[in-house]
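Read the structure below first, then the notes.
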Amino acid sequence: METKAIKGGEFVIRETSYTDVFIPEEFDEEAKMIRQTCLDFLDTEVLDKLDRIDAQEEGLMQGLLDKAGELGLLGVSIPEQYGGFGKNFNTSMLVGEAVGGGYSFAVALSAHTGIGTLPILYYGNDAQKEKYIPKLTTGEWKAAYCLTEPNAGSDANSGRSSAKLNAEGTHYLLNGQKMWITNGGFADVFIVFAKIDDDKNLSAFIVERDFGGITMNPEEHKMGIKGSSTRQIFFNDCPVPVENLLSTRENGFKIAVNILNIGRIKLGAATIGSARSVVTQAVKYANERVQFNLPISKFGAIRHKLAEMAIRLYANESAAYRAGQNIDDAYAALVADGMDEAKAKLKSTEQFAIECAIIKVWCSEMLDYVVDEGVQIYGGMGYSAEAPMERAYRDSRINRIFEGTNEVNRLLVVDMLLKRAMKGELNLMGAATAVANELMAIPDFGEEDTAVFAAEKRIIANLKKAGLMVAGAAVQKLMMSLSKEEEILINIADIIGYVYVAESILLRAEKIYHTQGEHVATFPLDMARVYLYTTLDKVATAGKEALYAFAEGDELNMMMVGLRRFTKAAPFNTKEARQRIARKMIEENKYCF
Ligand SMILES: Cc1cc2nc3c(=O)[nH]c(=O)nc-3n(C[C@H](O)[C@H](O)[C@H](O)COP(=O)(O)OP(=O)(O)OC[C@H]3O[C@@H](n4cnc5c(N)ncnc54)[C@H](O)[C@@H]3O)c2cc1C
C-alpha cells in the first residue's frame with residue numbers, strides 16, 4: 001500500500017489516516033521471534049539474578065552483555081557488514097521494549113547499543129567504524145557516553161572539558177571531569193565531548209580506556225537502577241589520537257543532540273517493556289490477594305487502577321511504534337533519494353525529533369504512573385524489597401531525568417514546532433488563524449457525522465484546534481518573549497503530547513477495527529475512548545492555565561468559549577469501559593493487549 005509522506009510535527013495541523021500508521025500488531029514473524037529471544041534471555045539469564053546485579057557483583061553485568069552479544073542482541077540494527085542484523089528502526093525499538101523489563105540490565109544494554117555505539121556508527125568514518133563497530137556489536141568492547149559534567153547537565157554545551165593538540169600534532173590531550181556516566185565502571189570505549197581550544201561548540205572523541213590518563217570515582221549510590229554502573233570520570237592529559245576525533249571539529253553538540261533523539265524514543269520503548277511486566281505482576285497479585293473474603297481484583301477501585309495502567313501503556317505503545325515507523329519510512333525515502341545510509345538514519349530521526357521528545361516524556365510518565373499504582377495494588381508488600389514492585393518503582397524514576405529531563409523535552413517540543421513554523425516547514429500560523437476565524441463565525445449546527453469513529457475523530461480534531469488556538473494566541477500576544485514563558489510553553493507541550501498519544505491510540509483501534517474486525521477492536525476501542533475522554537480534561541486544564549496567564553477581557557472570554565467547545569464531548573461511561581478492560585486482564589491473569 002502506498003503511504004503518504006508524513007512530516008515530523010505535522011500531526012498538529014493534519015489529520016492522519018489509520019492507513020498511514022503502523023501498529024504493533026503488524027510486526028512480522030521475524031520481529032516477533034527476535035522479541036521472544038530477548039524475553040527468553042531475560043527469563044533465563046537476568047531475572048533470577050536481579051539482587052546480584054543490583055549488588056554490582058564483579059563481572060556479572062559485563063558477562064551478561066557478553067552473552068547478549070553472542071546471541072546477537074547488541075547488533076539488531078547494526079548493518080550486516082559490521083556483524084549486525086541490519087534490522088529497521090522499529091525492530092530495534094521492539095528489542096528495546098523486550099529488554100526494557102530487565103531493570104538495570106536494560107539500562108546497561110541500551111546505553112551500550114544506543115548512546116555508546118551509535119555516535120560511531122552514524123558519525124564515524126570508515127576506519128573508525130571498521131575498528132570499533134564489530135567489537136561493540138559482539139560485546140567484546142563495551143561503550144559509554146560522556147556528555148554530562150558537574151556544571152553542565154541540561155545545558156550540555158556549556159561543558160568545560162577541553163582538548164588541545166599536542167606539539168607533534170598527533171594527539172589531543174583531553175582534560176576534564178564527566179559525571180553520571182552509565183557503564184563507566186567497565187566500558188572499554190568512551191564517546192567524550194569536549195571543546196578544542198577556545199571553540200564555542202563541543203567536539204566528540206572516541207576514547208579507549210587504555211589510552212591512559214583516565215581515573216574514576218567509585219560507583220554512585222543511587223535511588224534505583226543500582227546494578228547499572230554510574231561513575232564520575234576524570235580525564236587528565238588523556239592522549240587521544242587525532243584520528244579519533246569523531247566527525248568534524250565543533251560538530252559534537254550536533255552529535256550529542258541527534259544521538260539523544262534516538263535515545264529518547266528508545267527509552268520510550270524500554271518503558272513499555274517495563275510497564276508490561278509490572279501490569280502483569282499487578283494483575284496476578286490482585287487475583288491472588290484475598291481481603292474481605294474476595295480477591296482484591298473483584299474491587300472496583302483496583303479494577304480502575306488495573307484498567308488505567310493498561311490503557312496508558314497501550315496508548316503510549318501505539319504512539320511509540322507509530323513514530324518508529326515514521327522514522328523507518330522517512331529513512332527509506334531518503335535512501336531512495338540517494339542519501340548515504342548513516343546520514344539518512346540521522347536525518348530521519350531528526351525529522352521526527354518532536355515525536356521522539358513526546359514519547360520520551362509521555363512514556364516515562366506512563367511508567368511512573370504504572371509502577372506507582374503497582375506498589376499501591378501490592379499494598380504493604382508493594383513497599384517490601386521482597387516483592388517486585390519496590391525495585392520497579394525505584395528503577396522507573398530515572399527515566400524522567402536522563403536523556404534530557406522531561407521539563408527540557410517539553411520545552412523542546414514547542415521550540416522545535418515553532419522553529420519549523422518559522423522556517424515555513426509547517427503552516428502552524430495558517431492553521432491557528434483558521435481556528436481563530438472559526439471561533440468568530442457562527443457555529444455549524446449541521447448534521448453530525450454518525451459513521452463509525454466519526455465522533456472520536458471529531459474529538460481529536462477539536463483537541464488539535466484547542467492546541468492551535470492557545471499556541472497561536474500565545475505566539476501573537478507574547479511574540480519573542482514566549483520563549484521565556486516556560487509555564488505557558490509547558491501547558492502547550494502538554495496539549496500537544498496528549499493529543500499525539502490520544503490520536504495514536506485511536507488510530508490503532510481504528511486500524512484493528514478495519515483490518516481485523518469489530519470484535520477484535522472491542523478492547524482497543526474501549527481503551528482509546530477512555531484515553532480520549534481523560535485527554536479532554538487534561539487539554540482543558542492546560543489550555544485554561546495558559547489562557548489565564550496571558551489573555552484577558554473579551555479576548556479571554558472568547559477563547560474560553562472556544563476551549564469549552566473544543567473540549568466537549570457526548571457522555572461516555574468510562575467506568576464501564578474500565579471494568580470491561582480490567583475483567584479481561586483478570587480473566588487472562590496478565591496484561592493481554
Ligand atoms: C543514573 C544516571 C545515569 C546517567 N547517565 C548518563 C550518561 O551515560 N552520560 C551522560 O552524559 N549523562 C548521563 N546522565 C546525566 C543526565 O543526562 C543528567 O542528569 C540530566 O541531563 C540532567 O542534568 P542535571 O542532572 O545536571 O540536572 P540540571 O540540568 O541541573 O537540572 C535540574 C532541574 O532543573 C531543570 N532545568 C534545567 N534547565 C532548565 C530549563 N532551561 N528550563 C526548565 N527547567 C530546567 C531540570 O529539568 C531539572 O528538573 C545520567 C544521570 C543519571 C542520574
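Residues are named by chain letter and number: chains run A, B, ... in the order of the C-alpha cells, numbers start at 1 in each chain, and ligands are numbered from 1 in the order shown.
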>> Need the shell around Met440 (chain A): protein/DNA/RNA residues with any atom at most 12 Å away, counting only C-alpha atoms. Skip same-chain ones fewer than 3 positions apart. Format as a ChimeraX atom specification?
In response: /A:433-437,443-444,555,558-559,561-562
Write the residues of the preceding selection, restricted to N, CA, C and O atoms, as a PDB file, in the first residue's frame.
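File again.pdb, as written:
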```pdb
ATOM      1  N   THR A 433      -4.791  30.503  12.546  1.00  0.00           N
ATOM      2  CA  THR A 433      -5.682  31.571  12.081  1.00  0.00           C
ATOM      3  C   THR A 433      -7.032  30.991  11.670  1.00  0.00           C
ATOM      4  O   THR A 433      -8.087  31.569  11.951  1.00  0.00           O
ATOM      5  N   ALA A 434      -7.004  29.832  11.019  1.00  0.00           N
ATOM      6  CA  ALA A 434      -8.267  29.191  10.608  1.00  0.00           C
ATOM      7  C   ALA A 434      -9.122  28.888  11.841  1.00  0.00           C
ATOM      8  O   ALA A 434     -10.342  29.077  11.819  1.00  0.00           O
ATOM      9  N   VAL A 435      -8.483  28.451  12.922  1.00  0.00           N
ATOM     10  CA  VAL A 435      -9.239  28.159  14.146  1.00  0.00           C
ATOM     11  C   VAL A 435      -9.806  29.458  14.726  1.00  0.00           C
ATOM     12  O   VAL A 435     -10.976  29.518  15.136  1.00  0.00           O
ATOM     13  N   ALA A 436      -8.971  30.503  14.722  1.00  0.00           N
ATOM     14  CA  ALA A 436      -9.451  31.787  15.253  1.00  0.00           C
ATOM     15  C   ALA A 436     -10.646  32.283  14.443  1.00  0.00           C
ATOM     16  O   ALA A 436     -11.643  32.760  15.012  1.00  0.00           O
ATOM     17  N   ASN A 437     -10.587  32.131  13.125  1.00  0.00           N
ATOM     18  CA  ASN A 437     -11.709  32.547  12.274  1.00  0.00           C
ATOM     19  C   ASN A 437     -12.948  31.716  12.563  1.00  0.00           C
ATOM     20  O   ASN A 437     -14.064  32.227  12.597  1.00  0.00           O
ATOM     21  N   PRO A 443     -21.338  29.042  14.729  1.00  0.00           N
ATOM     22  CA  PRO A 443     -21.046  27.602  14.732  1.00  0.00           C
ATOM     23  C   PRO A 443     -21.921  26.846  13.745  1.00  0.00           C
ATOM     24  O   PRO A 443     -23.067  27.219  13.517  1.00  0.00           O
ATOM     25  N   ASP A 444     -21.349  25.808  13.180  1.00  0.00           N
ATOM     26  CA  ASP A 444     -22.057  24.996  12.201  1.00  0.00           C
ATOM     27  C   ASP A 444     -22.893  23.947  12.943  1.00  0.00           C
ATOM     28  O   ASP A 444     -22.361  23.054  13.594  1.00  0.00           O
ATOM     29  N   GLU A 555     -11.112  39.038  24.883  1.00  0.00           N
ATOM     30  CA  GLU A 555     -10.300  38.035  24.178  1.00  0.00           C
ATOM     31  C   GLU A 555     -10.263  36.728  24.978  1.00  0.00           C
ATOM     32  O   GLU A 555     -10.455  35.634  24.435  1.00  0.00           O
ATOM     33  N   MET A 558     -13.678  34.998  24.861  1.00  0.00           N
ATOM     34  CA  MET A 558     -13.931  34.329  23.594  1.00  0.00           C
ATOM     35  C   MET A 558     -13.140  33.006  23.502  1.00  0.00           C
ATOM     36  O   MET A 558     -13.671  31.981  23.087  1.00  0.00           O
ATOM     37  N   MET A 559     -11.905  33.079  23.945  1.00  0.00           N
ATOM     38  CA  MET A 559     -11.099  31.843  23.845  1.00  0.00           C
ATOM     39  C   MET A 559     -11.564  30.795  24.853  1.00  0.00           C
ATOM     40  O   MET A 559     -11.486  29.596  24.586  1.00  0.00           O
ATOM     41  N   VAL A 561     -14.651  30.331  25.624  1.00  0.00           N
ATOM     42  CA  VAL A 561     -15.808  29.707  24.957  1.00  0.00           C
ATOM     43  C   VAL A 561     -15.299  28.657  23.959  1.00  0.00           C
ATOM     44  O   VAL A 561     -15.795  27.533  23.882  1.00  0.00           O
ATOM     45  N   GLY A 562     -14.248  29.040  23.217  1.00  0.00           N
ATOM     46  CA  GLY A 562     -13.656  28.124  22.241  1.00  0.00           C
ATOM     47  C   GLY A 562     -13.100  26.882  22.927  1.00  0.00           C
ATOM     48  O   GLY A 562     -13.342  25.746  22.493  1.00  0.00           O
TER      49      GLY A 562
END
```
>> For Thr522 (chain A), find every residue with an atom within 9 Å (counting only C-alpha atoms), except residues of its own chain fewer than 5 positions away, and show them as a list in words.
In response: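 Within the cut-off, the hits are Ala509, Tyr513 and Met527 of chain A.
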Pull N, CA, C and O atoms from the residues just selected and write them as a PDB file, in the first residue's frame.
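As a result, result-v2.pdb now contains:
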```pdb
ATOM      1  N   ALA A 509      -6.837   1.609  17.246  1.00  0.00           N
ATOM      2  CA  ALA A 509      -8.142   0.934  17.377  1.00  0.00           C
ATOM      3  C   ALA A 509      -8.857   0.901  16.028  1.00  0.00           C
ATOM      4  O   ALA A 509      -9.439  -0.115  15.639  1.00  0.00           O
ATOM      5  N   TYR A 513      -9.946  -2.300  13.895  1.00  0.00           N
ATOM      6  CA  TYR A 513     -11.358  -2.435  13.521  1.00  0.00           C
ATOM      7  C   TYR A 513     -11.490  -2.739  12.028  1.00  0.00           C
ATOM      8  O   TYR A 513     -12.203  -3.644  11.620  1.00  0.00           O
ATOM      9  N   MET A 527     -10.298   1.196  25.187  1.00  0.00           N
ATOM     10  CA  MET A 527      -9.107   1.868  25.732  1.00  0.00           C
ATOM     11  C   MET A 527      -8.924   3.235  25.083  1.00  0.00           C
ATOM     12  O   MET A 527      -8.622   4.224  25.749  1.00  0.00           O
TER      13      MET A 527
END
```
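All residues of protein, DNA or RNA that reach within 10 Å of Ile53 (chain A), judged by only C-alpha atoms and not counting those fewer than 2 positions away in the chain, are Val46, Leu47, Asp48, Lys49, Leu50, Asp51, Ala55, Gln56, Glu57, Glu58, Gly59, Leu60, Met61, Leu64, Tyr103, Ser104, Phe105, Ile225, Lys226, Gly227 and Ser228 of chain A.
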> What's the 12 Å shell around region 425-430 of chain A, counting only C-alpha atoms, without same-chain residues fewer than 6 positions away, as JSON, numbers by chain?
Replying inline: {"A": [6, 7, 8, 9, 10, 11, 12, 13, 14, 351, 414, 416, 417, 418, 419, 436, 437, 464, 465, 467, 468, 469, 470, 471, 472, 473, 474, 475, 476]}
Hey, which bits of chain A sit within 9 Å of ligand 1, and for each residue what's the closest pair of atoms and how far apart in Å (one decimal), counting only C-alpha atoms and all ligand atoms, rows by chain and increasing number, as a Markdown table?
```
| residue | atom | partner | partner_atom_place_in_ligand_line | distance |
| --- | --- | --- | --- | --- |
| A:Val107 | CA | ligand 1 | 3 (C) | 8.7 |
| A:Ala111 | CA | ligand 1 | 8 (O) | 6.5 |
| A:Ile115 | CA | ligand 1 | 8 (O) | 7.6 |
| A:Gly116 | CA | ligand 1 | 8 (O) | 8.2 |
| A:Ala144 | CA | ligand 1 | 8 (O) | 6.1 |
| A:Tyr145 | CA | ligand 1 | 9 (N) | 4.8 |
| A:Cys146 | CA | ligand 1 | 11 (O) | 4.2 |
| A:Leu147 | CA | ligand 1 | 11 (O) | 3.4 |
| A:Thr148 | CA | ligand 1 | 11 (O) | 3.9 |
| A:Glu149 | CA | ligand 1 | 26 (O) | 7.3 |
| A:Pro150 | CA | ligand 1 | 26 (O) | 6.7 |
| A:Asn151 | CA | ligand 1 | 26 (O) | 6.7 |
| A:Ala152 | CA | ligand 1 | 26 (O) | 5.8 |
| A:Gly153 | CA | ligand 1 | 26 (O) | 3.1 |
| A:Ser154 | CA | ligand 1 | 29 (O) | 3.6 |
| A:Asp155 | CA | ligand 1 | 29 (O) | 6.1 |
| A:Ala156 | CA | ligand 1 | 21 (O) | 7.6 |
| A:Lys178 | CA | ligand 1 | 11 (O) | 7.3 |
| A:Met179 | CA | ligand 1 | 12 (N) | 6.6 |
| A:Trp180 | CA | ligand 1 | 50 (C) | 4.4 |
| A:Ile181 | CA | ligand 1 | 8 (O) | 3.9 |
| A:Thr182 | CA | ligand 1 | 8 (O) | 3.8 |
| A:Asn183 | CA | ligand 1 | 8 (O) | 7.0 |
| A:Gly184 | CA | ligand 1 | 8 (O) | 7.6 |
| A:Val192 | CA | ligand 1 | 11 (O) | 8.5 |
| A:Phe193 | CA | ligand 1 | 11 (O) | 8.7 |
| A:Glu220 | CA | ligand 1 | 1 (C) | 8.4 |
| A:Lys222 | CA | ligand 1 | 1 (C) | 7.0 |
| A:Met223 | CA | ligand 1 | 1 (C) | 8.7 |
| A:Gly224 | CA | ligand 1 | 1 (C) | 7.9 |
| A:Ile225 | CA | ligand 1 | 1 (C) | 7.1 |
| A:Lys226 | CA | ligand 1 | 1 (C) | 8.6 |
| A:Ser228 | CA | ligand 1 | 1 (C) | 7.7 |
| A:Ser229 | CA | ligand 1 | 1 (C) | 8.4 |
| A:Thr230 | CA | ligand 1 | 3 (C) | 6.1 |
| A:Arg231 | CA | ligand 1 | 3 (C) | 8.6 |
| A:Ala256 | CA | ligand 1 | 11 (O) | 9.0 |
| A:Ile398 | CA | ligand 1 | 1 (C) | 6.3 |
| A:Asn399 | CA | ligand 1 | 1 (C) | 8.9 |
| A:Arg400 | CA | ligand 1 | 47 (O) | 8.8 |
| A:Ile401 | CA | ligand 1 | 20 (C) | 5.5 |
| A:Phe402 | CA | ligand 1 | 17 (O) | 4.0 |
| A:Glu403 | CA | ligand 1 | 17 (O) | 5.1 |
| A:Gly404 | CA | ligand 1 | 21 (O) | 4.6 |
| A:Thr405 | CA | ligand 1 | 47 (O) | 4.7 |
| A:Asn406 | CA | ligand 1 | 47 (O) | 6.2 |
| A:Glu407 | CA | ligand 1 | 47 (O) | 4.5 |
| A:Val408 | CA | ligand 1 | 47 (O) | 5.5 |
| A:Asn409 | CA | ligand 1 | 47 (O) | 8.4 |
| A:Leu411 | CA | ligand 1 | 42 (N) | 7.4 |
| A:Glu486 | CA | ligand 1 | 42 (N) | 7.0 |
```
> CA of Thr574 (chain A) and CA of Asn293 (chain A), how far apart in Å?
Replying inline: 27.3 Å
> Quick one: of A:Arg394, A:Lys195, A:Arg52, A:Arg565, who's nearest to Leu173 (chain A), counting only C-alpha atoms?
Replying inline: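 Among A:Arg394, A:Lys195, A:Arg52, A:Arg565, it is A:Lys195 that comes nearest to Leu173 (chain A).
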>> Can you tell me which residues surround region 72-80 of chain A at a distance of at most 10 Å, considering only C-alpha atoms, apart from same-chain residues fewer than 6 positions away, and format the answer as a PyMOL selection string?
In response: chain A and resi 34-35+37-38+41+65-66+86-93+95-96+99+109-110+112-114+117-118+121+133-134+136-139+341-342
Can I get the selection written as a short mmCIF file (atom, residue, chain, number, x, y, z; two decimals), in the first residue's frame, with N, CA, C and O atoms?
```cif
data_model
loop_
_atom_site.label_atom_id
_atom_site.label_comp_id
_atom_site.auth_asym_id
_atom_site.auth_seq_id
_atom_site.Cartn_x
_atom_site.Cartn_y
_atom_site.Cartn_z
N ILE A 34 12.57 -12.24 17.25
CA ILE A 34 13.67 -11.51 17.89
C ILE A 34 13.21 -11.05 19.29
O ILE A 34 13.94 -11.17 20.27
N ARG A 35 11.97 -10.56 19.34
CA ARG A 35 11.43 -10.10 20.63
C ARG A 35 11.41 -11.26 21.63
O ARG A 35 11.82 -11.11 22.78
N THR A 37 13.24 -13.91 21.64
CA THR A 37 14.61 -14.26 22.05
C THR A 37 15.05 -13.36 23.20
O THR A 37 15.68 -13.82 24.17
N CYS A 38 14.72 -12.07 23.10
CA CYS A 38 15.09 -11.13 24.17
C CYS A 38 14.38 -11.49 25.47
O CYS A 38 14.99 -11.51 26.54
N PHE A 41 15.88 -14.46 26.96
CA PHE A 41 17.17 -14.12 27.55
C PHE A 41 16.99 -13.53 28.95
O PHE A 41 17.68 -13.91 29.90
N LEU A 65 26.26 -8.86 29.26
CA LEU A 65 26.35 -8.16 27.98
C LEU A 65 27.08 -9.03 26.96
O LEU A 65 26.72 -9.07 25.77
N ASP A 66 28.10 -9.77 27.42
CA ASP A 66 28.81 -10.69 26.52
C ASP A 66 27.84 -11.73 25.95
O ASP A 66 27.83 -12.01 24.75
N GLY A 86 21.17 -5.70 10.75
CA GLY A 86 20.68 -4.68 9.83
C GLY A 86 19.17 -4.49 9.83
O GLY A 86 18.58 -4.19 8.80
N LYS A 87 18.55 -4.67 10.98
CA LYS A 87 17.09 -4.54 11.03
C LYS A 87 16.68 -3.07 11.10
O LYS A 87 17.47 -2.21 11.47
N ASN A 88 15.41 -2.84 10.80
CA ASN A 88 14.94 -1.45 10.76
C ASN A 88 14.76 -0.86 12.16
O ASN A 88 14.94 -1.55 13.17
N PHE A 89 14.38 0.41 12.16
CA PHE A 89 14.31 1.14 13.43
C PHE A 89 13.25 0.55 14.36
O PHE A 89 13.49 0.35 15.56
N ASN A 90 12.09 0.25 13.80
CA ASN A 90 11.01 -0.25 14.67
C ASN A 90 11.35 -1.61 15.27
O ASN A 90 10.93 -1.91 16.38
N THR A 91 12.12 -2.42 14.55
CA THR A 91 12.52 -3.71 15.15
C THR A 91 13.48 -3.45 16.30
O THR A 91 13.43 -4.12 17.34
N SER A 92 14.35 -2.45 16.14
CA SER A 92 15.27 -2.15 17.24
C SER A 92 14.49 -1.57 18.42
O SER A 92 14.85 -1.77 19.58
N MET A 93 13.39 -0.90 18.15
CA MET A 93 12.51 -0.42 19.23
C MET A 93 11.91 -1.62 19.97
O MET A 93 11.80 -1.63 21.19
N VAL A 95 13.15 -4.57 20.26
CA VAL A 95 14.20 -5.17 21.11
C VAL A 95 14.34 -4.35 22.39
O VAL A 95 14.39 -4.89 23.50
N GLY A 96 14.36 -3.02 22.24
CA GLY A 96 14.45 -2.14 23.41
C GLY A 96 13.29 -2.39 24.36
O GLY A 96 13.46 -2.41 25.57
N VAL A 99 13.72 -5.92 26.10
CA VAL A 99 14.78 -5.89 27.11
C VAL A 99 14.41 -4.94 28.25
O VAL A 99 14.92 -5.04 29.36
N LEU A 109 22.44 -2.24 28.71
CA LEU A 109 22.38 -2.64 27.30
C LEU A 109 22.02 -1.46 26.41
O LEU A 109 22.65 -1.24 25.37
N SER A 110 21.06 -0.67 26.84
CA SER A 110 20.65 0.41 25.94
C SER A 110 21.69 1.52 25.90
O SER A 110 21.88 2.15 24.85
N HIS A 112 24.85 1.00 26.03
CA HIS A 112 25.89 0.45 25.14
C HIS A 112 25.47 0.50 23.67
O HIS A 112 26.20 1.05 22.84
N THR A 113 24.28 -0.04 23.38
CA THR A 113 23.87 -0.12 21.97
C THR A 113 23.41 1.23 21.42
O THR A 113 23.47 1.46 20.23
N GLY A 114 22.96 2.11 22.31
CA GLY A 114 22.43 3.39 21.86
C GLY A 114 23.49 4.49 21.91
O GLY A 114 24.31 4.61 20.99
N THR A 117 27.24 3.29 21.16
CA THR A 117 27.65 2.77 19.85
C THR A 117 27.26 3.69 18.69
O THR A 117 28.03 3.86 17.73
N LEU A 118 26.07 4.27 18.77
CA LEU A 118 25.54 4.99 17.60
C LEU A 118 26.35 6.20 17.15
O LEU A 118 26.42 6.48 15.94
N LEU A 121 28.70 4.72 14.76
CA LEU A 121 28.02 4.17 13.58
C LEU A 121 27.53 5.28 12.64
O LEU A 121 27.64 5.17 11.43
N ILE A 133 32.98 -0.79 15.46
CA ILE A 133 31.60 -1.31 15.45
C ILE A 133 31.54 -2.85 15.59
O ILE A 133 30.74 -3.36 16.39
N PRO A 134 32.38 -3.61 14.87
CA PRO A 134 32.26 -5.07 15.04
C PRO A 134 32.48 -5.51 16.50
O PRO A 134 31.74 -6.36 17.01
N LEU A 136 31.97 -3.70 19.19
CA LEU A 136 30.85 -3.24 20.02
C LEU A 136 29.62 -4.12 19.76
O LEU A 136 28.80 -4.36 20.65
N THR A 137 29.52 -4.63 18.54
CA THR A 137 28.37 -5.47 18.18
C THR A 137 28.42 -6.82 18.88
O THR A 137 27.40 -7.35 19.31
N THR A 138 29.62 -7.37 19.01
CA THR A 138 29.72 -8.66 19.71
C THR A 138 29.73 -8.48 21.22
O THR A 138 29.51 -9.43 21.97
N GLY A 139 30.00 -7.26 21.67
CA GLY A 139 30.10 -7.03 23.10
C GLY A 139 31.52 -7.21 23.62
O GLY A 139 31.77 -7.08 24.82
N GLU A 341 23.45 5.99 3.83
CA GLU A 341 22.59 5.32 4.81
C GLU A 341 22.72 5.88 6.23
O GLU A 341 21.73 6.08 6.93
N ALA A 342 23.98 6.12 6.65
CA ALA A 342 24.18 6.62 8.02
C ALA A 342 23.55 8.00 8.16
O ALA A 342 22.89 8.31 9.16
#
```
>> Can you pull out every residue from region 61-293 of chain A that DSSP, working from the backbone, puts in strand (DSSP E), and format the result as a ChimeraX atom specification?
In response: /A:143-146,162-165,171-182,189-196,203-208,214-216,230-241,245-246,290-291
>> Need the shell around Glu485 (chain A): protein/DNA/RNA residues with any atom at most 12 Å away, counting only C-alpha atoms. Skip same-chain ones fewer than 3 positions apart. Format as a list in words?
In response: Leu411, Val414, Asp415, Ala474, Val475, Lys477, Leu478, Met479, Met480, Ser481, Leu482, Ile488, Leu489, Ile490, Asn491, Ile492, Ala546, Ala549 and Phe550 of chain A
> Quick one: residues within 10 Å of region 165-168 of chain A, only C-alpha atoms counted, chain neighbours fewer than 3 positions away excluded, as a list of chain:residue names?
Replying inline: A:His171, A:Tyr172, A:Leu173, A:Leu174, A:Ile196, A:Asp197, A:Asp237, A:Pro239, A:Val240, A:Pro241, A:Val242
